[in-house]
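Everything below belongs to upload-v9.cif, which stores mmCIF, C-alpha atoms and all ligand atoms.
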data_target
loop_
_atom_site.label_atom_id
_atom_site.label_comp_id
_atom_site.auth_asym_id
_atom_site.auth_seq_id
_atom_site.Cartn_x
_atom_site.Cartn_y
_atom_site.Cartn_z
CA MET A 1154 6.27 19.71 7.08
CA LYS A 1155 9.05 19.28 9.61
CA ASN A 1156 7.72 16.24 11.45
CA LEU A 1157 5.75 13.91 9.22
CA LEU A 1158 3.85 11.05 10.83
CA VAL A 1159 3.64 8.08 8.47
CA THR A 1160 1.32 5.33 9.66
CA GLY A 1161 1.87 1.76 8.47
CA GLY A 1162 5.36 2.61 7.25
CA CYS A 1163 6.62 -0.95 7.71
CA GLY A 1164 4.15 -2.30 5.15
CA PHE A 1165 4.60 -2.52 1.40
CA ILE A 1166 3.65 0.96 0.18
CA GLY A 1167 4.52 2.79 3.42
CA ALA A 1168 8.08 1.41 3.36
CA ASN A 1169 8.53 2.38 -0.29
CA PHE A 1170 7.15 5.85 0.54
CA ILE A 1171 9.57 6.39 3.43
CA ARG A 1172 12.50 5.14 1.35
CA TYR A 1173 11.52 7.51 -1.46
CA LEU A 1174 10.96 10.50 0.80
CA LEU A 1175 14.26 10.18 2.67
CA SER A 1176 16.49 9.12 -0.22
CA GLU A 1177 15.10 10.67 -3.37
CA SER A 1178 12.57 13.44 -2.77
CA ASP A 1179 12.82 17.12 -1.80
CA PHE A 1180 11.49 16.36 1.73
CA THR A 1181 13.97 17.67 4.30
CA GLY A 1182 12.16 16.95 7.58
CA ARG A 1183 11.88 13.99 9.92
CA ILE A 1184 9.66 10.93 9.56
CA ILE A 1185 7.96 9.31 12.51
CA ASN A 1186 6.77 5.89 11.44
CA ALA A 1187 3.98 4.51 13.65
CA ASP A 1188 3.17 0.92 12.89
CA LYS A 1189 1.52 -1.86 14.88
CA LEU A 1190 3.68 -4.50 13.18
CA THR A 1191 0.97 -6.92 12.16
CA TYR A 1192 1.98 -9.92 9.98
CA ALA A 1193 2.24 -7.36 7.11
CA GLY A 1194 4.58 -4.94 8.90
CA ASN A 1195 8.26 -5.71 8.61
CA PRO A 1196 10.81 -3.18 9.98
CA GLU A 1197 13.48 -4.98 7.93
CA ASN A 1198 11.95 -3.17 4.92
CA LEU A 1199 13.50 0.01 6.35
CA THR A 1200 16.77 -1.17 7.88
CA GLU A 1201 18.95 0.70 5.37
CA VAL A 1202 17.16 4.04 5.73
CA ALA A 1203 17.04 3.70 9.52
CA GLU A 1204 20.84 3.31 9.48
CA LYS A 1205 21.47 5.97 6.86
CA PHE A 1206 19.18 8.66 8.34
CA PRO A 1207 19.31 8.19 12.13
CA GLU A 1208 18.42 11.85 12.73
CA ARG A 1209 15.55 11.88 10.29
CA TYR A 1210 13.82 8.56 10.94
CA VAL A 1211 12.07 7.40 14.09
CA PHE A 1212 10.12 4.18 14.49
CA VAL A 1213 7.38 3.78 17.08
CA GLN A 1214 5.45 0.58 17.49
CA ALA A 1215 1.86 1.74 17.98
CA ASP A 1216 -1.59 0.34 17.26
CA LEU A 1217 -3.95 3.00 15.87
CA CYS A 1218 -6.73 1.42 17.89
CA ASP A 1219 -4.82 2.26 21.07
CA THR A 1220 -5.63 5.96 21.51
CA LYS A 1221 -3.15 6.43 24.34
CA ALA A 1222 -0.27 5.05 22.24
CA VAL A 1223 -1.13 7.29 19.29
CA SER A 1224 -1.64 10.35 21.44
CA ASP A 1225 1.83 9.76 22.96
CA VAL A 1226 3.28 9.84 19.44
CA PHE A 1227 1.64 13.23 18.83
CA GLU A 1228 2.90 14.62 22.13
CA ARG A 1229 6.46 13.39 21.84
CA HIS A 1230 7.10 14.25 18.21
CA ASP A 1231 5.43 17.60 17.49
CA ILE A 1232 3.69 16.25 14.38
CA ASP A 1233 2.99 18.70 11.50
CA ALA A 1234 1.46 16.40 8.91
CA ILE A 1235 0.16 12.84 8.61
CA CYS A 1236 0.34 10.41 5.73
CA HIS A 1237 -2.00 7.59 6.67
CA PHE A 1238 -1.16 4.24 5.05
CA ALA A 1239 -1.83 1.87 7.97
CA ALA A 1240 -4.59 -0.58 7.17
CA GLU A 1241 -5.53 -4.19 6.91
CA SER A 1242 -5.14 -4.47 3.17
CA HIS A 1243 -5.87 -7.94 1.81
CA VAL A 1244 -9.32 -8.65 0.34
CA ASP A 1245 -9.11 -12.44 0.85
CA ARG A 1246 -8.31 -12.01 4.56
CA SER A 1247 -11.19 -9.55 4.92
CA ILE A 1248 -13.58 -12.21 3.62
CA VAL A 1249 -12.40 -14.76 6.19
CA GLU A 1250 -11.86 -12.43 9.18
CA PRO A 1251 -13.38 -8.95 8.70
CA ASP A 1252 -13.01 -7.95 12.35
CA ALA A 1253 -9.52 -6.40 12.16
CA PHE A 1254 -10.52 -4.49 9.00
CA ILE A 1255 -13.35 -2.71 10.76
CA LYS A 1256 -11.17 -1.95 13.77
CA THR A 1257 -8.02 -0.72 12.05
CA ASN A 1258 -9.40 0.81 8.88
CA ILE A 1259 -12.41 2.55 10.39
CA VAL A 1260 -11.80 2.99 14.12
CA GLY A 1261 -8.03 3.45 13.67
CA THR A 1262 -8.59 6.20 11.09
CA PHE A 1263 -11.18 7.85 13.34
CA ASN A 1264 -8.72 7.86 16.28
CA LEU A 1265 -6.08 9.54 14.17
CA LEU A 1266 -8.53 12.16 12.91
CA GLU A 1267 -9.67 12.94 16.44
CA LEU A 1268 -6.09 13.56 17.53
CA ALA A 1269 -5.46 15.76 14.51
CA ARG A 1270 -8.66 17.73 15.13
CA HIS A 1271 -7.91 18.38 18.79
CA ARG A 1272 -4.44 19.62 18.10
CA LYS A 1273 -4.68 23.17 19.46
CA ASP A 1274 -1.39 24.82 18.58
CA LYS A 1275 -1.20 23.94 14.90
CA THR A 1276 -3.24 22.76 11.94
CA LEU A 1277 -2.13 19.39 10.66
CA LEU A 1278 -2.38 18.23 7.08
CA PHE A 1279 -3.97 14.79 6.94
CA HIS A 1280 -3.38 12.74 3.79
CA HIS A 1281 -5.53 9.62 3.55
CA VAL A 1282 -4.26 6.80 1.33
CA SER A 1283 -7.13 4.81 -0.13
CA THR A 1284 -8.05 2.46 -2.91
CA ASP A 1285 -10.05 2.41 -6.14
CA GLU A 1286 -11.90 -0.62 -4.73
CA VAL A 1287 -14.28 1.76 -2.89
CA TYR A 1288 -15.99 2.37 -6.25
CA GLY A 1289 -16.96 -1.29 -6.64
CA THR A 1290 -16.79 -2.99 -9.99
CA LEU A 1291 -16.89 -1.78 -13.59
CA GLY A 1292 -18.32 -3.70 -16.52
CA ALA A 1293 -16.43 -3.94 -19.80
CA GLU A 1294 -16.57 -0.17 -20.38
CA GLY A 1295 -15.85 3.04 -18.47
CA PHE A 1296 -13.48 4.35 -15.81
CA PHE A 1297 -13.65 5.38 -12.17
CA THR A 1298 -13.51 9.15 -11.72
CA GLU A 1299 -13.46 11.11 -8.48
CA HIS A 1300 -17.26 11.45 -8.88
CA THR A 1301 -18.07 7.74 -9.26
CA PRO A 1302 -20.51 6.74 -6.48
CA TYR A 1303 -19.11 4.42 -3.84
CA SER A 1304 -20.23 0.79 -4.09
CA PRO A 1305 -17.69 -1.40 -2.27
CA SER A 1306 -17.94 -5.19 -2.57
CA SER A 1307 -15.66 -6.68 0.10
CA PRO A 1308 -15.30 -6.02 3.83
CA TYR A 1309 -11.87 -4.54 2.94
CA SER A 1310 -13.22 -2.05 0.41
CA ALA A 1311 -16.26 -1.25 2.58
CA SER A 1312 -13.98 -0.42 5.52
CA LYS A 1313 -11.81 1.80 3.29
CA ALA A 1314 -14.94 3.48 1.92
CA ALA A 1315 -16.11 4.20 5.46
CA SER A 1316 -12.75 5.72 6.35
CA ASP A 1317 -12.80 7.91 3.21
CA HIS A 1318 -16.21 9.29 4.21
CA ILE A 1319 -15.05 10.01 7.76
CA VAL A 1320 -11.95 11.85 6.48
CA ARG A 1321 -14.11 14.02 4.19
CA ALA A 1322 -16.56 14.68 7.01
CA TYR A 1323 -13.70 15.97 9.19
CA HIS A 1324 -12.83 18.43 6.44
CA ARG A 1325 -16.39 19.64 5.92
CA THR A 1326 -17.41 19.70 9.57
CA TYR A 1327 -14.24 20.73 11.39
CA GLY A 1328 -12.22 22.31 8.58
CA LEU A 1329 -9.36 19.83 9.00
CA PRO A 1330 -7.05 20.25 5.98
CA VAL A 1331 -7.20 16.86 4.29
CA THR A 1332 -6.27 15.36 0.95
CA LEU A 1333 -7.29 11.90 -0.24
CA SER A 1334 -6.00 9.56 -2.91
CA ASN A 1335 -7.69 6.48 -4.35
CA CYS A 1336 -5.17 4.31 -6.13
CA SER A 1337 -5.29 1.23 -8.31
CA ASN A 1338 -3.39 -2.03 -7.64
CA ASN A 1339 0.26 -1.55 -6.73
CA TYR A 1340 3.18 -3.91 -7.30
CA GLY A 1341 6.91 -3.70 -6.69
CA PRO A 1342 9.57 -4.42 -4.04
CA TYR A 1343 8.60 -5.42 -0.47
CA GLN A 1344 5.04 -6.52 -1.26
CA PHE A 1345 3.87 -9.27 1.07
CA PRO A 1346 3.53 -12.51 -0.91
CA GLU A 1347 -0.20 -12.91 -0.33
CA LYS A 1348 -1.04 -10.47 -3.16
CA LEU A 1349 -1.27 -11.67 -6.77
CA ILE A 1350 2.07 -10.54 -8.21
CA PRO A 1351 4.55 -11.54 -5.45
CA LEU A 1352 2.60 -14.76 -4.80
CA MET A 1353 2.87 -15.76 -8.45
CA ILE A 1354 6.57 -14.81 -8.70
CA LEU A 1355 7.51 -16.82 -5.63
CA ASN A 1356 5.34 -19.84 -6.45
CA ALA A 1357 6.67 -19.88 -10.01
CA LEU A 1358 10.26 -19.71 -8.74
CA GLU A 1359 9.57 -22.74 -6.56
CA GLY A 1360 7.71 -24.64 -9.29
CA LYS A 1361 4.46 -24.54 -7.26
CA PRO A 1362 0.93 -24.21 -8.74
CA LEU A 1363 -0.17 -20.68 -9.69
CA PRO A 1364 -3.76 -20.34 -8.41
CA VAL A 1365 -5.79 -18.09 -10.71
CA TYR A 1366 -9.28 -17.30 -9.40
CA GLY A 1367 -12.24 -18.07 -11.68
CA ASP A 1368 -11.41 -17.79 -15.37
CA GLY A 1369 -8.62 -15.23 -14.88
CA ARG A 1370 -10.53 -12.64 -16.96
CA ASN A 1371 -10.86 -10.12 -14.10
CA VAL A 1372 -9.12 -6.85 -14.91
CA ARG A 1373 -6.92 -4.75 -12.63
CA ASP A 1374 -5.13 -1.47 -13.40
CA TRP A 1375 -1.50 -1.88 -12.24
CA LEU A 1376 0.79 0.85 -10.95
CA TYR A 1377 4.44 0.50 -9.93
CA VAL A 1378 4.67 1.35 -6.24
CA LYS A 1379 7.22 4.16 -6.62
CA ASP A 1380 4.88 5.96 -9.00
CA HIS A 1381 2.19 5.76 -6.33
CA CYS A 1382 4.61 7.16 -3.73
CA ILE A 1383 5.53 10.09 -5.98
CA ALA A 1384 1.83 10.78 -6.57
CA VAL A 1385 1.05 10.79 -2.84
CA TRP A 1386 3.91 13.17 -2.11
CA THR A 1387 2.86 15.45 -4.98
CA ILE A 1388 -0.71 15.56 -3.66
CA MET A 1389 0.48 16.30 -0.12
CA LYS A 1390 2.54 19.23 -1.37
CA GLN A 1391 0.34 20.69 -4.09
CA GLY A 1392 -3.10 19.09 -3.86
CA ARG A 1393 -6.06 21.28 -3.03
CA ARG A 1394 -7.21 20.75 0.55
CA GLY A 1395 -10.45 18.80 0.83
CA GLU A 1396 -9.91 17.23 -2.59
CA THR A 1397 -9.65 13.62 -3.74
CA TYR A 1398 -7.27 12.52 -6.50
CA ASN A 1399 -7.51 9.19 -8.31
CA ILE A 1400 -4.15 7.55 -9.05
CA GLY A 1401 -3.76 4.88 -11.72
CA GLY A 1402 -1.35 3.44 -14.20
CA ARG A 1403 -3.60 3.46 -17.29
CA CYS A 1404 -2.52 -0.14 -17.43
CA GLU A 1405 -5.41 -2.56 -17.50
CA MET A 1406 -4.52 -6.23 -17.58
CA HIS A 1407 -6.47 -9.46 -17.28
CA ASN A 1408 -5.15 -11.45 -14.31
CA ILE A 1409 -4.30 -14.38 -16.55
CA ASP A 1410 -2.12 -12.16 -18.74
CA VAL A 1411 -0.26 -10.83 -15.69
CA VAL A 1412 0.45 -14.39 -14.58
CA ARG A 1413 1.53 -15.48 -18.06
CA MET A 1414 3.87 -12.48 -18.29
CA ILE A 1415 5.49 -13.39 -14.97
CA CYS A 1416 5.93 -17.00 -16.16
CA ASP A 1417 7.58 -15.90 -19.40
CA LEU A 1418 9.88 -13.42 -17.66
CA LEU A 1419 11.04 -16.03 -15.19
CA ASP A 1420 11.58 -18.56 -17.99
CA GLU A 1421 13.82 -15.95 -19.65
CA ILE A 1422 15.73 -14.83 -16.52
CA LYS A 1423 15.84 -18.08 -14.55
CA PRO A 1424 14.82 -21.05 -16.73
CA GLN A 1425 13.56 -24.20 -14.98
CA THR A 1426 15.72 -27.28 -15.22
CA GLY A 1427 14.82 -29.11 -18.40
CA GLY A 1428 13.49 -25.81 -19.81
CA LYS A 1429 9.86 -26.55 -18.82
CA ALA A 1430 7.53 -23.59 -19.38
CA ARG A 1431 6.19 -22.12 -16.15
CA ARG A 1432 2.82 -21.45 -17.81
CA ASP A 1433 2.17 -25.16 -17.13
CA LEU A 1434 1.95 -24.28 -13.42
CA ILE A 1435 -1.18 -22.12 -13.94
CA THR A 1436 -4.13 -23.67 -12.11
CA PHE A 1437 -7.64 -22.23 -12.25
CA VAL A 1438 -9.23 -22.37 -8.80
CA LYS A 1439 -12.59 -21.49 -7.23
CA ASP A 1440 -13.44 -17.81 -7.62
CA ARG A 1441 -13.27 -15.28 -4.78
CA PRO A 1442 -16.78 -14.45 -3.44
CA GLY A 1443 -17.91 -10.99 -4.57
CA HIS A 1444 -14.93 -10.81 -6.96
CA ASP A 1445 -14.98 -7.41 -8.71
CA LEU A 1446 -14.75 -7.87 -12.46
CA ARG A 1447 -12.83 -4.80 -13.54
CA TYR A 1448 -11.08 -1.75 -12.12
CA ALA A 1449 -9.91 1.12 -14.33
CA ILE A 1450 -8.91 4.58 -13.19
CA ASP A 1451 -9.33 7.91 -14.86
CA CYS A 1452 -6.50 9.97 -13.33
CA THR A 1453 -6.91 13.04 -15.57
CA LYS A 1454 -7.42 15.31 -12.54
CA LEU A 1455 -4.05 14.36 -11.03
CA GLU A 1456 -2.29 14.61 -14.39
CA LYS A 1457 -3.83 17.96 -15.37
CA GLU A 1458 -3.81 19.71 -11.99
CA LEU A 1459 -0.56 18.45 -10.54
CA GLY A 1460 1.36 17.28 -13.59
CA TRP A 1461 1.91 13.72 -12.31
CA MET A 1462 2.64 10.93 -14.78
CA PRO A 1463 3.78 7.37 -14.01
CA ALA A 1464 7.41 6.73 -14.94
CA GLU A 1465 7.12 2.96 -15.32
CA SER A 1466 5.17 0.96 -17.87
CA PHE A 1467 3.97 -2.50 -16.81
CA GLU A 1468 6.74 -4.06 -18.91
CA THR A 1469 9.53 -2.13 -17.14
CA GLY A 1470 7.93 -2.31 -13.69
CA ILE A 1471 7.20 -6.03 -13.73
CA ARG A 1472 10.76 -6.79 -14.89
CA LYS A 1473 12.18 -4.71 -12.03
CA THR A 1474 9.84 -6.46 -9.60
CA VAL A 1475 10.71 -9.98 -10.74
CA GLU A 1476 14.42 -9.11 -10.57
CA TRP A 1477 13.97 -7.66 -7.07
CA TYR A 1478 12.35 -10.83 -5.73
CA ILE A 1479 15.06 -12.99 -7.32
CA ALA A 1480 17.77 -10.79 -5.77
CA HIS A 1481 16.16 -10.71 -2.30
CA GLN A 1482 15.80 -14.38 -1.53
CA GLU A 1483 16.92 -13.90 2.11
CA TRP A 1484 14.10 -11.38 2.63
CA VAL A 1485 11.71 -13.81 0.95
CA LYS A 1486 12.89 -16.68 3.15
CA ARG A 1487 12.44 -14.70 6.35
CA VAL A 1488 9.01 -13.41 5.33
CA LYS A 1489 7.72 -16.77 4.12
CA SER A 1490 8.98 -18.70 7.13
CA GLY A 1491 7.57 -16.13 9.55
CA GLU A 1492 11.14 -15.66 10.84
CA TYR A 1493 10.72 -11.87 10.63
CA LEU A 1494 7.99 -12.11 13.26
CA SER A 1495 10.35 -13.61 15.83
CA TRP A 1496 12.93 -11.00 14.76
CA ILE A 1497 10.35 -8.34 15.60
CA ALA A 1498 9.64 -9.97 18.95
CA ARG A 1499 13.38 -9.98 19.74
CA HIS A 1500 14.03 -6.39 18.63
CA TYR A 1501 10.94 -4.55 19.73
CA HIS A 1502 9.35 -4.46 23.12
CA SER A 1503 6.61 -2.04 24.19
CA GLY A 1504 7.36 0.27 21.30
CA VAL A 1505 11.01 0.76 22.22
CA GLN A 1506 13.63 -0.18 19.66
CA LYS A 1507 16.41 -2.21 21.30
P1 LIG B 1 0.30 -3.63 3.89
O1 LIG B 1 -0.70 -4.64 4.36
O2 LIG B 1 1.50 -4.10 3.16
O3 LIG B 1 0.82 -2.76 5.14
C1 LIG B 1 -0.05 -2.27 6.11
C2 LIG B 1 0.80 -1.74 7.27
O4 LIG B 1 -0.10 -1.21 8.26
C3 LIG B 1 1.63 -2.82 7.97
O5 LIG B 1 2.93 -2.35 8.22
C4 LIG B 1 0.86 -3.07 9.27
O6 LIG B 1 1.70 -3.51 10.34
C5 LIG B 1 0.28 -1.69 9.54
N1 LIG B 1 -0.92 -1.76 10.39
C6 LIG B 1 -1.98 -2.59 10.25
N2 LIG B 1 -2.85 -2.38 11.25
C7 LIG B 1 -2.36 -1.38 12.01
C8 LIG B 1 -2.82 -0.71 13.18
N3 LIG B 1 -3.96 -1.04 13.79
N4 LIG B 1 -2.05 0.28 13.70
C9 LIG B 1 -0.86 0.64 13.13
N5 LIG B 1 -0.38 0.01 12.04
C10 LIG B 1 -1.12 -0.98 11.47
O7 LIG B 1 -0.55 -2.60 3.03
P2 LIG B 1 -0.13 -1.80 1.71
O8 LIG B 1 -0.37 -2.65 0.54
O9 LIG B 1 1.20 -1.18 1.94
O10 LIG B 1 -1.26 -0.66 1.71
C11 LIG B 1 -1.03 0.58 2.37
C12 LIG B 1 -2.25 1.47 2.17
O11 LIG B 1 -2.46 1.69 0.79
C13 LIG B 1 -3.54 0.88 2.72
O12 LIG B 1 -4.28 1.93 3.31
C14 LIG B 1 -4.26 0.36 1.47
O13 LIG B 1 -5.66 0.39 1.64
C15 LIG B 1 -3.80 1.37 0.44
N6 LIG B 1 -3.76 0.86 -0.95
C16 LIG B 1 -3.09 -0.28 -1.25
C17 LIG B 1 -3.04 -0.72 -2.57
C18 LIG B 1 -2.26 -1.97 -2.95
O14 LIG B 1 -2.32 -2.37 -4.12
N7 LIG B 1 -1.53 -2.60 -2.06
C19 LIG B 1 -3.68 0.02 -3.58
C20 LIG B 1 -4.36 1.20 -3.22
C21 LIG B 1 -4.39 1.62 -1.91
P1 LIG B 2 -4.95 -9.04 -5.06
O1 LIG B 2 -3.48 -8.93 -5.28
O2 LIG B 2 -5.43 -9.80 -3.86
O3 LIG B 2 -5.52 -7.55 -5.08
P2 LIG B 2 -7.06 -7.03 -5.09
O4 LIG B 2 -7.95 -8.13 -4.71
O5 LIG B 2 -7.02 -5.96 -4.03
O6 LIG B 2 -7.30 -6.49 -6.46
O7 LIG B 2 -5.60 -9.69 -6.34
C1 LIG B 2 -5.46 -9.14 -7.64
C2 LIG B 2 -6.31 -9.92 -8.59
O8 LIG B 2 -5.78 -11.25 -8.68
C3 LIG B 2 -7.75 -10.11 -8.11
O9 LIG B 2 -8.61 -10.07 -9.24
C4 LIG B 2 -7.77 -11.49 -7.49
C5 LIG B 2 -6.74 -12.25 -8.29
N1 LIG B 2 -5.98 -13.29 -7.55
C6 LIG B 2 -5.87 -14.57 -8.11
O10 LIG B 2 -6.40 -14.86 -9.18
N2 LIG B 2 -5.15 -15.50 -7.42
C7 LIG B 2 -4.55 -15.24 -6.22
O11 LIG B 2 -3.92 -16.15 -5.62
C8 LIG B 2 -4.68 -13.92 -5.67
C9 LIG B 2 -4.02 -13.57 -4.36
C10 LIG B 2 -5.39 -12.98 -6.39
#
Re-express the file's structure as structure tokens.
Ligand code: NAD
Ligand code: TYD
Amino acid sequence: MKNLLVTGGCGFIGANFIRYLLSESDFTGRIINADKLTYAGNPENLTEVAEKFPERYVFVQADLCDTKAVSDVFERHDIDAICHFAAESHVDRSIVEPDAFIKTNIVGTFNLLELARHRKDKTLLFHHVSTDEVYGTLGAEGFFTEHTPYSPSSPYSASKAASDHIVRAYHRTYGLPVTLSNCSNNYGPYQFPEKLIPLMILNALEGKPLPVYGDGRNVRDWLYVKDHCIAVWTIMKQGRRGETYNIGGRCEMHNIDVVRMICDLLDEIKPQTGGKARRDLITFVKDRPGHDLRYAIDCTKLEKELGWMPAESFETGIRKTVEWYIAHQEWVKRVKSGEYLSWIARHYHSGVQK
């Protein structure tokens, strides 16, 4: 893998993946990061690696729905492998405005697959990054395995399910070497503060209400983002082609307990004036429509076949995450004010970095 195309590398997981690959892994090639730079894409997430690895990191602003732009990336950079993160990723947004989810997650993935399939001179590896949400919801018992039937609940998860099926079809029909991963909820540095954990950390720091949907008894399985990145890289290198691997943290938590833990950590690290407990900020709000009750991943296949294990427990990972957000208040300020969007407009024009 000399030239690896990473899509959506300016987002939360993509940026962590590129940072890991260039700084800490055994990858020795070059990364071409193609990202549309939606509200969720922030090139500032990669400033340090861009400066540290000028020969090994290239950024191209490209929308996966623009076939010409993506085909130019293939032609100019002699791509050997693809790690496909780019997506619209937030369930709440997909409920309000599903349009972009269908376009990017389904049509965008299809465009990328078509380019990979028509590559004449070499066979590209295509790794598709997906979610456990494609399986729908669990009741109180059981786990998602790679054989659990798909039953997505939200426009987000339905669009990811569609893309998973198309990726598998390209393997079966055209023999494209693909691998897929379906991962549980991630948390860690650089996550956009619309998702539960960063939203709660930042609201709690500002003394704002902490909106918990419904009764807060929904369960998610949490995985520290770097552990996800290591799993994806392991699958790309050693995973059997055509196979799907579930990735999870074996770390089920009720939402309310996650929020309480964040409150207590912040009270310990950065107490409020007067010592008021941040748990008082918790506010139960109207539930999300179609809210999946419980996700839990059985990742035995990944553990047994490829020897992957998460390094972080929720206790260590959430502490690192809270500390990261406290230490990166300038990043937070720019992201929350939308200042990073005007920074993007100033620095990038027609895909050329100025
Ligand atoms: P994110 O929203 O933080 O980042 C998405 C990135 O994709 C952004 O940089 C955005 O600019 C880019 N993008 C969006 N539309 C694009 C388009 N049309 N063309 C090119 N780039 C585009 O998302 P994330 O949380 O980093 O998720 C990355 C991937 O991992 C997604 O495929 C998601 O489904 C999957 N995933 C996420 C989680 C999670 O907990 N966040 C869990 C499992 C799987
Ligand atoms: P989220 O981070 O949006 O991830 P996903 O919906 O993909 O699992 O939400 C995680 C859980 O937290 C989910 O059960 C919804 C809940 N939630 C809240 O209770 N309040 C919030 O403000 C948000 C954003 C999420």
Which distance in Å separates atom O9 of ligand LIG 2 (chain B) and atom CA of Tyr1366 of chain A, to one decimal?
-> 7.3 Å
All residues 9 Å or closer to Gly1295 of chain A, only C-alpha atoms, same chain fewer than 4 positions away omitted, as a list in words =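 Returned residues: Leu1291, Ala1449, Ile1450 and Asp1451 of chain A.
Computed from the coordinates, the atom CA of Gly1392 of chain A to atom CA of Leu1459 of chain A distance equals 7.2 Å.
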Work out how far atom O11 of ligand LIG 1 (chain B) is from atom CA of Leu1333 of chain A, in Å to one decimal.
->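 Those two atoms sit 11.3 Å apart.
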Pull the closest atom pair for each residue of chain A that gets at most 7 Å from ligand LIG 1 (chain B), along with the distance in Å to one decimal, counting all atoms listed in the file, ordering rows by chain and then ascending residue number, as JSON lines.
{"residue": "A:Thr1160", "atom": "CA", "partner": "B:LIG1", "partner_atom": "N5", "distance": 6.1}
{"residue": "A:Gly1161", "atom": "CA", "partner": "B:LIG1", "partner_atom": "O4", "distance": 3.6}
{"residue": "A:Gly1162", "atom": "CA", "partner": "B:LIG1", "partner_atom": "O5", "distance": 5.6}
{"residue": "A:Cys1163", "atom": "CA", "partner": "B:LIG1", "partner_atom": "O5", "distance": 4.0}
{"residue": "A:Gly1164", "atom": "CA", "partner": "B:LIG1", "partner_atom": "O5", "distance": 3.3}
{"residue": "A:Phe1165", "atom": "CA", "partner": "B:LIG1", "partner_atom": "O9", "distance": 3.7}
{"residue": "A:Ile1166", "atom": "CA", "partner": "B:LIG1", "partner_atom": "O9", "distance": 3.7}
{"residue": "A:Gly1167", "atom": "CA", "partner": "B:LIG1", "partner_atom": "O9", "distance": 5.4}
{"residue": "A:Ala1187", "atom": "CA", "partner": "B:LIG1", "partner_atom": "C9", "distance": 6.2}
{"residue": "A:Asp1188", "atom": "CA", "partner": "B:LIG1", "partner_atom": "N5", "distance": 3.8}
{"residue": "A:Lys1189", "atom": "CA", "partner": "B:LIG1", "partner_atom": "C9", "distance": 3.9}
{"residue": "A:Leu1190", "atom": "CA", "partner": "B:LIG1", "partner_atom": "O6", "distance": 3.6}
{"residue": "A:Thr1191", "atom": "CA", "partner": "B:LIG1", "partner_atom": "O6", "distance": 3.9}
{"residue": "A:Tyr1192", "atom": "CA", "partner": "B:LIG1", "partner_atom": "O6", "distance": 6.4}
{"residue": "A:Ala1193", "atom": "CA", "partner": "B:LIG1", "partner_atom": "C3", "distance": 4.7}
{"residue": "A:Gly1194", "atom": "CA", "partner": "B:LIG1", "partner_atom": "O5", "distance": 3.1}
{"residue": "A:Asn1195", "atom": "CA", "partner": "B:LIG1", "partner_atom": "O5", "distance": 6.3}
{"residue": "A:Ala1215", "atom": "CA", "partner": "B:LIG1", "partner_atom": "C9", "distance": 5.7}
{"residue": "A:Asp1216", "atom": "CA", "partner": "B:LIG1", "partner_atom": "N4", "distance": 3.6}
{"residue": "A:Leu1217", "atom": "CA", "partner": "B:LIG1", "partner_atom": "N4", "distance": 4.0}
{"residue": "A:Cys1218", "atom": "CA", "partner": "B:LIG1", "partner_atom": "N3", "distance": 5.5}
{"residue": "A:His1237", "atom": "CA", "partner": "B:LIG1", "partner_atom": "O12", "distance": 7.0}
{"residue": "A:Phe1238", "atom": "CA", "partner": "B:LIG1", "partner_atom": "C12", "distance": 4.1}
{"residue": "A:Ala1239", "atom": "CA", "partner": "B:LIG1", "partner_atom": "O4", "distance": 3.5}
{"residue": "A:Ala1240", "atom": "CA", "partner": "B:LIG1", "partner_atom": "C6", "distance": 4.5}
{"residue": "A:Glu1241", "atom": "CA", "partner": "B:LIG1", "partner_atom": "C6", "distance": 5.1}
{"residue": "A:Ser1242", "atom": "CA", "partner": "B:LIG1", "partner_atom": "O1", "distance": 4.6}
{"residue": "A:His1243", "atom": "CA", "partner": "B:LIG1", "partner_atom": "O1", "distance": 6.6}
{"residue": "A:Thr1257", "atom": "CA", "partner": "B:LIG1", "partner_atom": "N3", "distance": 4.4}
{"residue": "A:Gly1261", "atom": "CA", "partner": "B:LIG1", "partner_atom": "N3", "distance": 6.1}
{"residue": "A:Val1282", "atom": "CA", "partner": "B:LIG1", "partner_atom": "O12", "distance": 5.3}
{"residue": "A:Ser1283", "atom": "CA", "partner": "B:LIG1", "partner_atom": "C21", "distance": 4.6}
{"residue": "A:Thr1284", "atom": "CA", "partner": "B:LIG1", "partner_atom": "C21", "distance": 3.9}
{"residue": "A:Asp1285", "atom": "CA", "partner": "B:LIG1", "partner_atom": "C20", "distance": 6.5}
{"residue": "A:Lys1313", "atom": "CA", "partner": "B:LIG1", "partner_atom": "O13", "distance": 6.5}
{"residue": "A:Asn1335", "atom": "CA", "partner": "B:LIG1", "partner_atom": "C20", "distance": 6.3}
{"residue": "A:Cys1336", "atom": "CA", "partner": "B:LIG1", "partner_atom": "C20", "distance": 4.3}
{"residue": "A:Ser1337", "atom": "CA", "partner": "B:LIG1", "partner_atom": "C19", "distance": 5.1}
{"residue": "A:Asn1338", "atom": "CA", "partner": "B:LIG1", "partner_atom": "O14", "distance": 3.7}
{"residue": "A:Asn1339", "atom": "CA", "partner": "B:LIG1", "partner_atom": "O14", "distance": 3.8}
{"residue": "A:Tyr1340", "atom": "CA", "partner": "B:LIG1", "partner_atom": "O14", "distance": 6.5}
{"residue": "A:Gln1344", "atom": "CA", "partner": "B:LIG1", "partner_atom": "O2", "distance": 6.2}
{"residue": "A:Phe1345", "atom": "CA", "partner": "B:LIG1", "partner_atom": "O2", "distance": 6.1}
Got a sec to check which residues lie within 9 Å of ligand LIG 2 (chain B), using only C-alpha atoms and all ligand atoms, and send them as a count of residues only?
-> 46
